[in-house]
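Shown next: start_8.cif, containing mmCIF, C-alpha atoms.
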```cif
data_final
#
loop_
_atom_site.label_atom_id
_atom_site.label_comp_id
_atom_site.auth_asym_id
_atom_site.auth_seq_id
_atom_site.Cartn_x
_atom_site.Cartn_y
_atom_site.Cartn_z
CA MET A 1 8.20 -0.22 101.97
CA ASN A 2 6.06 -2.67 103.90
CA ILE A 3 6.19 -6.41 103.45
CA LEU A 4 4.94 -9.42 105.37
CA VAL A 5 7.49 -11.94 106.64
CA ASN A 6 6.05 -15.14 108.10
CA GLY A 7 2.80 -13.33 108.70
CA SER A 8 4.34 -10.33 110.51
CA PRO A 9 4.58 -6.85 108.98
CA ARG A 10 8.08 -5.52 108.41
CA GLU A 11 9.50 -2.34 106.92
CA VAL A 12 12.46 -2.65 104.57
CA PRO A 13 14.20 -0.13 102.24
CA GLU A 14 13.04 0.10 98.61
CA GLY A 15 14.78 -2.40 96.40
CA THR A 16 15.77 -4.78 99.18
CA THR A 17 16.68 -8.20 97.80
CA ILE A 18 15.87 -11.53 99.42
CA ALA A 19 19.56 -12.02 100.20
CA GLN A 20 19.70 -8.64 101.97
CA LEU A 21 16.56 -9.44 103.95
CA LEU A 22 17.95 -12.81 105.08
CA ASN A 23 21.09 -11.03 106.15
CA GLN A 24 19.02 -8.55 108.21
CA LEU A 25 17.11 -11.43 109.76
CA GLU A 26 20.42 -13.09 110.70
CA VAL A 27 19.37 -16.48 109.39
CA THR A 28 21.76 -18.99 107.83
CA ALA A 29 20.89 -18.84 104.13
CA ARG A 30 21.71 -22.54 103.62
CA HIS A 31 19.20 -23.51 106.28
CA VAL A 32 16.19 -21.72 104.87
CA ALA A 33 13.95 -21.67 101.82
CA VAL A 34 11.99 -18.61 100.74
CA GLU A 35 8.61 -18.23 99.12
CA VAL A 36 7.44 -14.87 97.79
CA ASN A 37 3.70 -14.60 97.20
CA LEU A 38 3.34 -18.40 97.30
CA GLU A 39 6.13 -18.97 94.73
CA LEU A 40 9.42 -20.53 95.78
CA VAL A 41 12.46 -18.44 94.90
CA PRO A 42 15.55 -20.68 94.59
CA ARG A 43 18.59 -19.68 96.63
CA ALA A 44 20.58 -18.95 93.47
CA ARG A 45 18.17 -16.05 92.75
CA HIS A 46 18.09 -14.54 96.26
CA GLY A 47 20.76 -12.00 95.34
CA GLU A 48 18.92 -10.61 92.32
CA HIS A 49 15.29 -10.93 93.47
CA LYS A 50 14.10 -7.48 94.59
CA LEU A 51 11.13 -7.31 96.93
CA HIS A 52 8.10 -5.12 96.27
CA GLU A 53 5.59 -3.28 98.44
CA ALA A 54 3.09 -5.69 100.05
CA ASP A 55 5.05 -8.81 99.12
CA SER A 56 4.25 -11.72 101.39
CA LEU A 57 7.20 -13.94 102.27
CA GLU A 58 7.57 -17.27 103.94
CA VAL A 59 11.02 -18.00 105.34
CA VAL A 60 11.09 -21.65 106.42
CA THR A 61 13.64 -24.04 107.84
CA LEU A 62 13.76 -27.66 108.92
CA VAL A 63 12.52 -28.65 112.36
CA GLY A 64 12.03 -31.96 114.14
CA GLY A 65 9.15 -33.97 112.72
CA GLY A 66 7.88 -37.46 112.08
CA MET B 1 23.60 -71.76 101.66
CA SER B 2 23.85 -74.01 104.69
CA THR B 3 20.81 -75.99 105.75
CA SER B 4 20.96 -74.45 109.22
CA MET B 5 20.18 -71.02 107.74
CA HIS B 6 17.23 -71.85 105.57
CA VAL B 7 16.12 -68.56 104.00
CA PRO B 8 13.67 -68.90 101.13
CA ASP B 9 15.46 -67.52 98.08
CA SER B 10 12.31 -65.90 96.73
CA ARG B 11 12.32 -63.46 99.64
CA LEU B 12 15.81 -62.06 99.10
CA PRO B 13 17.73 -60.82 96.08
CA GLU B 14 20.37 -63.23 94.74
CA GLY B 15 24.07 -62.85 95.44
CA ASP B 16 25.67 -61.90 98.75
CA PRO B 17 24.95 -63.56 102.09
CA PRO B 18 21.41 -62.84 103.34
CA ARG B 19 22.22 -60.12 105.88
CA ALA B 20 24.54 -58.23 103.56
CA ARG B 21 22.01 -57.99 100.74
CA ASP B 22 19.04 -57.21 102.95
CA PHE B 23 18.86 -53.48 102.31
CA LEU B 24 15.74 -51.36 101.89
CA GLN B 25 15.36 -49.95 98.38
CA ILE B 26 12.89 -47.07 97.99
CA GLY B 27 12.92 -45.57 94.52
CA THR B 28 16.55 -44.68 93.86
CA HIS B 29 17.41 -44.64 97.58
CA ARG B 30 19.06 -47.63 99.21
CA LEU B 31 18.91 -47.73 103.00
CA ALA B 32 20.95 -50.04 105.21
CA SER B 33 18.39 -49.94 108.03
CA ARG B 34 14.70 -50.78 107.74
CA LEU B 35 13.88 -48.32 110.48
CA ILE B 36 13.13 -44.71 109.55
CA VAL B 37 13.05 -42.43 112.57
CA GLY B 38 11.39 -39.08 113.10
CA THR B 39 13.18 -36.17 114.75
CA GLY B 40 10.20 -34.55 116.50
CA LYS B 41 9.23 -34.26 120.15
CA TYR B 42 12.55 -35.09 121.85
CA SER B 43 13.17 -33.18 125.05
CA SER B 44 16.53 -32.01 123.68
CA TYR B 45 18.49 -32.15 120.45
CA GLU B 46 21.31 -33.96 122.27
CA LEU B 47 18.94 -36.73 123.33
CA MET B 48 17.57 -36.90 119.80
CA GLY B 49 21.06 -37.29 118.38
CA GLU B 50 21.89 -40.12 120.74
CA ALA B 51 18.62 -41.95 120.13
CA LEU B 52 18.99 -41.64 116.34
CA ALA B 53 22.54 -42.98 116.47
CA LEU B 54 21.59 -46.03 118.56
CA SER B 55 18.47 -46.80 116.51
CA GLY B 56 20.77 -47.82 113.66
CA THR B 57 18.76 -45.76 111.19
CA ASP B 58 20.32 -44.05 108.19
CA CYS B 59 17.18 -42.13 107.26
CA ILE B 60 15.41 -39.54 109.39
CA THR B 61 12.33 -37.45 108.78
CA VAL B 62 12.17 -33.69 109.25
CA ALA B 63 9.39 -31.11 109.01
CA VAL B 64 9.32 -27.70 107.31
CA ARG B 65 8.26 -24.73 109.44
CA ARG B 66 8.53 -20.97 109.60
CA GLU B 67 11.90 -19.77 110.81
CA ARG B 68 11.55 -18.25 114.28
CA LEU B 69 12.63 -14.72 113.45
CA ILE B 70 12.20 -13.23 116.90
CA ASP B 71 14.64 -15.61 118.57
CA SER B 72 17.45 -15.51 116.02
CA ARG B 73 19.84 -17.16 118.48
CA GLY B 74 17.48 -20.17 118.79
CA GLU B 75 18.94 -23.59 118.14
CA ASN B 76 18.45 -25.10 114.71
CA ILE B 77 18.04 -28.86 114.37
CA LEU B 78 20.52 -28.77 111.48
CA ASP B 79 23.27 -27.95 113.96
CA PHE B 80 22.60 -31.31 115.65
CA ILE B 81 22.24 -33.59 112.62
CA ASP B 82 25.13 -35.03 110.65
CA THR B 83 23.72 -34.59 107.17
CA ASN B 84 26.50 -36.77 105.76
CA ARG B 85 25.38 -39.67 107.93
CA TYR B 86 21.62 -39.47 107.43
CA THR B 87 19.46 -39.18 104.36
CA LEU B 88 16.84 -36.63 105.32
CA LEU B 89 13.24 -37.33 104.42
CA PRO B 90 11.30 -34.05 104.53
CA ASN B 91 7.60 -34.39 105.31
CA THR B 92 4.56 -32.29 104.53
CA ALA B 93 3.13 -32.67 108.02
CA GLY B 94 0.61 -30.03 108.97
CA CYS B 95 -0.82 -29.72 105.45
CA PHE B 96 -4.55 -30.08 104.91
CA SER B 97 -4.70 -29.50 101.14
CA ALA B 98 -2.85 -30.84 98.10
CA GLU B 99 -1.75 -27.31 97.15
CA ASP B 100 -0.11 -26.64 100.52
CA ALA B 101 1.54 -30.08 100.50
CA VAL B 102 3.10 -29.28 97.12
CA ARG B 103 4.36 -25.90 98.42
CA VAL B 104 5.89 -27.52 101.50
CA ALA B 105 7.46 -30.30 99.43
CA ARG B 106 9.11 -27.70 97.18
CA LEU B 107 10.39 -25.72 100.16
CA GLY B 108 11.80 -28.86 101.78
CA ARG B 109 13.52 -29.83 98.54
CA GLU B 110 15.04 -26.37 98.30
CA ILE B 111 16.61 -26.63 101.77
CA LEU B 112 17.90 -30.16 101.14
CA LEU B 113 19.43 -29.00 97.86
CA SER B 114 21.27 -26.28 99.79
CA LEU B 115 22.45 -28.91 102.27
CA GLU B 116 23.49 -31.18 99.37
CA ASN B 117 21.62 -34.01 101.08
CA PRO B 118 20.53 -36.94 98.88
CA GLY B 119 17.00 -36.64 100.29
CA ALA B 120 16.32 -33.58 98.10
CA ASP B 121 14.45 -35.63 95.50
CA TRP B 122 11.97 -37.38 97.78
CA VAL B 123 9.21 -36.43 100.19
CA LYS B 124 7.06 -38.05 102.81
CA LEU B 125 3.64 -36.87 101.71
CA GLU B 126 1.17 -36.28 104.49
CA VAL B 127 -2.13 -34.55 103.73
CA LEU B 128 -4.37 -34.68 106.76
CA GLY B 129 -8.11 -34.49 107.14
CA ASP B 130 -8.36 -32.90 110.58
CA THR B 131 -6.31 -32.16 113.67
CA LYS B 132 -8.20 -34.46 116.03
CA THR B 133 -7.55 -37.77 114.26
CA LEU B 134 -4.62 -36.71 112.05
CA LEU B 135 -6.02 -39.24 109.61
CA PRO B 136 -5.01 -38.74 105.99
CA ASP B 137 -7.42 -37.09 103.57
CA PRO B 138 -7.47 -39.81 100.89
CA ILE B 139 -8.67 -37.58 98.03
CA ALA B 140 -6.21 -34.74 98.71
CA THR B 141 -3.40 -37.27 99.27
CA LEU B 142 -4.05 -38.78 95.84
CA GLN B 143 -4.20 -35.34 94.19
CA ALA B 144 -0.95 -34.27 95.86
CA THR B 145 0.74 -37.52 94.84
CA GLU B 146 -0.15 -36.90 91.21
CA LEU B 147 1.10 -33.29 91.35
CA LEU B 148 4.37 -34.18 93.07
CA VAL B 149 5.11 -37.15 90.82
CA ALA B 150 4.59 -34.84 87.83
CA GLU B 151 7.21 -32.50 89.36
CA GLY B 152 9.72 -35.32 89.59
CA PHE B 153 9.46 -36.03 93.32
CA GLN B 154 9.83 -39.55 94.64
CA VAL B 155 6.75 -39.68 96.82
CA LEU B 156 6.48 -41.82 99.94
CA CYS B 157 2.86 -41.71 100.77
CA TYR B 158 1.39 -41.73 104.25
CA THR B 159 -2.07 -43.25 104.07
CA SER B 160 -4.57 -45.22 106.10
CA ASP B 161 -4.46 -49.02 106.02
CA ASP B 162 -7.16 -49.08 103.33
CA PRO B 163 -5.97 -51.47 100.58
CA MET B 164 -7.92 -49.64 97.84
CA ALA B 165 -6.43 -46.25 98.73
CA ALA B 166 -3.01 -47.92 98.82
CA LYS B 167 -3.54 -49.35 95.36
CA ARG B 168 -4.60 -46.00 93.92
CA LEU B 169 -1.58 -44.23 95.41
CA LYS B 170 0.78 -46.77 93.88
CA GLN B 171 -0.98 -46.38 90.52
CA ALA B 172 -0.49 -42.61 90.83
CA GLY B 173 3.26 -43.19 90.99
CA ALA B 174 4.16 -43.25 94.70
CA VAL B 175 7.56 -44.95 95.14
CA SER B 176 6.35 -46.31 98.48
CA VAL B 177 2.97 -46.57 100.12
CA MET B 178 3.09 -46.19 103.91
CA PRO B 179 -0.06 -47.36 105.65
CA ALA B 180 -0.56 -46.30 109.26
CA GLY B 181 -0.62 -49.03 111.88
CA SER B 182 -2.88 -46.77 113.98
CA PRO B 183 -3.31 -42.99 114.35
CA ILE B 184 -0.15 -40.83 114.48
CA GLY B 185 1.42 -40.73 117.91
CA SER B 186 -1.30 -42.95 119.40
CA GLY B 187 0.99 -45.85 120.27
CA GLN B 188 -1.82 -48.31 119.57
CA GLY B 189 0.36 -50.52 117.36
CA ILE B 190 -0.91 -52.44 114.35
CA LEU B 191 -4.69 -52.25 114.81
CA ASN B 192 -5.66 -54.15 111.70
CA PRO B 193 -2.96 -56.58 110.60
CA ASN B 194 -5.37 -58.07 108.08
CA ASN B 195 -5.61 -54.77 106.19
CA ILE B 196 -1.82 -54.46 106.19
CA ARG B 197 -1.63 -58.00 104.78
CA ILE B 198 -4.08 -57.14 102.00
CA CYS B 199 -2.14 -53.91 101.28
CA LEU B 200 1.01 -56.04 100.97
CA GLU B 201 -0.70 -58.55 98.71
CA TYR B 202 -2.05 -55.88 96.36
CA LEU B 203 0.99 -53.60 96.32
CA LYS B 204 3.48 -56.42 95.79
CA ASP B 205 1.39 -58.33 93.25
CA GLY B 206 3.76 -58.90 90.32
CA ASP B 207 6.13 -56.38 91.95
CA PRO B 208 7.57 -58.15 95.02
CA ASN B 209 10.24 -55.51 95.66
CA TYR B 210 7.75 -52.62 95.89
CA PRO B 211 8.46 -51.11 99.33
CA VAL B 212 5.63 -50.96 101.84
CA ILE B 213 6.37 -49.19 105.10
CA VAL B 214 4.26 -49.03 108.23
CA ASP B 215 4.17 -45.38 109.22
CA ALA B 216 2.65 -44.22 112.50
CA GLY B 217 1.04 -45.68 115.57
CA VAL B 218 3.94 -47.81 116.75
CA GLY B 219 4.17 -47.76 120.55
CA THR B 220 6.85 -50.26 121.45
CA ALA B 221 9.30 -52.78 120.04
CA SER B 222 6.79 -55.63 119.68
CA ASP B 223 4.63 -53.39 117.42
CA VAL B 224 7.61 -52.98 115.12
CA THR B 225 8.25 -56.72 115.15
CA ILE B 226 4.62 -57.53 114.37
CA ALA B 227 4.71 -55.13 111.41
CA MET B 228 7.93 -56.65 110.08
CA GLU B 229 6.65 -60.20 110.56
CA LEU B 230 3.70 -59.34 108.34
CA GLY B 231 6.23 -58.74 105.57
CA VAL B 232 6.39 -54.96 105.38
CA ASP B 233 9.73 -53.60 104.20
CA GLY B 234 10.28 -51.08 106.95
CA VAL B 235 8.78 -49.06 109.77
CA LEU B 236 8.72 -45.29 110.22
CA LEU B 237 8.22 -44.08 113.77
CA ASN B 238 8.83 -41.05 115.94
CA THR B 239 6.81 -40.73 119.15
CA GLY B 240 7.44 -44.34 120.23
CA ILE B 241 11.09 -43.44 120.76
CA ALA B 242 10.89 -39.70 121.46
CA HIS B 243 8.30 -39.97 124.24
CA ALA B 244 9.51 -43.22 125.81
CA ALA B 245 10.64 -42.75 129.41
CA ASP B 246 14.16 -43.51 128.17
CA PRO B 247 14.34 -42.70 124.44
CA VAL B 248 17.89 -44.02 124.06
CA GLN B 249 16.98 -47.42 125.50
CA MET B 250 13.83 -47.52 123.37
CA ALA B 251 15.87 -46.71 120.25
CA LEU B 252 17.89 -49.86 120.91
CA ALA B 253 14.69 -51.84 121.49
CA MET B 254 13.18 -50.61 118.22
CA LYS B 255 16.34 -51.57 116.36
CA ALA B 256 16.20 -55.07 117.85
CA GLY B 257 12.46 -55.24 117.07
CA ILE B 258 13.08 -54.48 113.40
CA GLU B 259 15.75 -57.14 113.15
CA ALA B 260 13.69 -59.76 115.00
CA GLY B 261 10.65 -59.16 112.82
CA ARG B 262 12.59 -59.10 109.58
CA LEU B 263 14.46 -62.32 110.37
CA ALA B 264 11.26 -64.04 111.48
CA TYR B 265 9.55 -63.00 108.26
CA LEU B 266 12.44 -64.31 106.17
CA ALA B 267 12.61 -67.49 108.24
CA GLY B 268 8.92 -68.19 107.65
CA ARG B 269 6.89 -68.78 110.76
CA ILE B 270 5.06 -72.03 111.54
CA PRO B 271 1.33 -72.01 110.89
CA LYS B 272 -0.95 -71.51 113.87
CA LYS B 273 -2.79 -74.69 114.82
CA LEU B 274 -5.65 -75.27 117.22
CA TYR B 275 -4.15 -78.34 118.90
CA ALA B 276 -0.73 -79.20 120.27
CA THR B 277 2.09 -80.98 118.44
CA ALA B 278 4.64 -82.71 120.68
CA SER B 279 8.24 -81.60 120.37
CA SER B 280 9.63 -84.77 122.02
CA PRO B 281 9.24 -88.22 120.41
CA GLU B 282 5.83 -89.71 121.04
CA THR B 283 7.21 -93.26 120.88
CA GLY B 284 9.43 -94.99 123.45
CA THR B 285 7.86 -93.35 126.45
CA ILE B 286 7.92 -95.39 129.65
CA ALA B 287 4.65 -93.89 130.80
CA PRO B 288 1.40 -95.21 129.33
CA LYS B 289 -0.64 -92.68 127.31
CA PRO B 290 -3.97 -91.65 128.84
CA ARG B 291 -6.93 -93.10 126.98
#
```

Produce structure tokens that represent the structure in this file.
Amino acid sequence: MNILVNGSPREVPEGTTIAQLLNQLEVTARHVAVEVNLELVPRARHGEHKLHEADSLEVVTLVGGG
Amino acid sequence: MSTSMHVPDSRLPEGDPPRARDFLQIGTHRLASRLIVGTGKYSSYELMGEALALSGTDCITVAVRRERLIDSRGENILDFIDTNRYTLLPNTAGCFSAEDAVRVARLGREILLSLENPGADWVKLEVLGDTKTLLPDPIATLQATELLVAEGFQVLCYTSDDPMAAKRLKQAGAVSVMPAGSPIGSGQGILNPNNIRICLEYLKDGDPNYPVIVDAGVGTASDVTIAMELGVDGVLLNTGIAHAADPVQMALAMKAGIEAGRLAYLAGRIPKKLYATASSPETGTIAPKPR
């Protein structure tokens, strides 16, 4: 199925969870926060939250800022 | 207290010696340093780490941005920050609406919760009007403050130096109002000290411990000192250190500037007078006075 991750299209298997996606993306789970369709999904739910066709995700981290 | 160290009691909490009890309290957070330093725009993370350490700060701001998914081996700032040493203050920089600021604040909180950093419950709210001036949008800032306070955030509010806006933000529940000295990154210093003074008067009226922080526009150490001499509780800066020719040296200068300004404020400066007052005795001179 097709989803959007940080504005870019991406194909993932049906039933992929957020935790599985983060694993694929090789990001450190502790260092990121995830929004699905504008709603924050807490890290504790990443393992159970299954993604759906056309979901739009934001995967954000901390960067330098003032 | 000895007469040689005459600190007006009304300006410090009772108890310990003046320096020991001179911490910065913002909401439930107690900071040892009155300098809050941003982590943006350093030429390297190593340089940033060194500058932060020498600035004496125990609170640093960070921004929330999309993870760079293409370059998965890219460095992450979190690998260069000791999150046990610093309280992180996540900002909502880059937001132009209250809704987006709330989203970013939630995302920042989520990451800080994962990091088990005490900064998870507060946010530096920044809702901007446009990219040219980076001036705050006062209406959206007020709306976002109300929304975030309702969600339990301790909101530190970046605003202009307008005393009325400052007053409204405090009424909306901001734990600190942070007027800009001048536009973000401009290095113009404190452009309107009179407005900062009125902000202080209004925000601290009947609430002398309410923290007011000058955020933005500081270019060099004397700007920091001027802000502190006005009686603000702290200064938040980033570019002034990060873009100095020698950021590490400037971090030391900013630290000294904070201390000089704070001590001068506590000491109570002499009033400015039009004419001179002699420091040496005017009597007993061997020379006749001119007529």

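When all atoms listed in the file are used to compute distances to chain B, the closest of the residues A:Ile3, A:Ser56, A:Ser8, A:His31 turns out to be A:His31.
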
Taking the file as I've supplied it (selection: the PyMOL selection byres ((chain B) within 8 of (chain A))), which residues are included? Please answer as an NGL selection string.
:B and (37-41 or 61-67 or 69 or 72 or 76-78 or 91 or 93 or 103 or 106-108 or 110-111 or 114-115 or 237-239)

For Pro193 of chain B, the closest of B:Ala227, B:Ser97, B:Gln171, B:Ile241 counting all atoms listed in the file is B:Ala227

Quick one: axis-aligned box around all listed atoms of segment 12-25 of chain A, 5 Å on every side, centre and edge lengths in Å to one decimal, written as JSON.
```
{"center_x": 16.8, "center_y": -6.4, "center_z": 103.1, "size_x": 18.6, "size_y": 22.9, "size_z": 23.4}
```

Report task. Write out as a PyMOL selection string the residues lying within 12 Å of Met164 of chain B, counting all atoms listed in the file and excluding same-chain residues fewer than 6 positions away. Result -> chain B and resi 138+142+170-171+177+179+195-196+198-203

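Atom CA of Val36 of chain A sits 25.0 Å away from atom CA of Gln154 of chain B.
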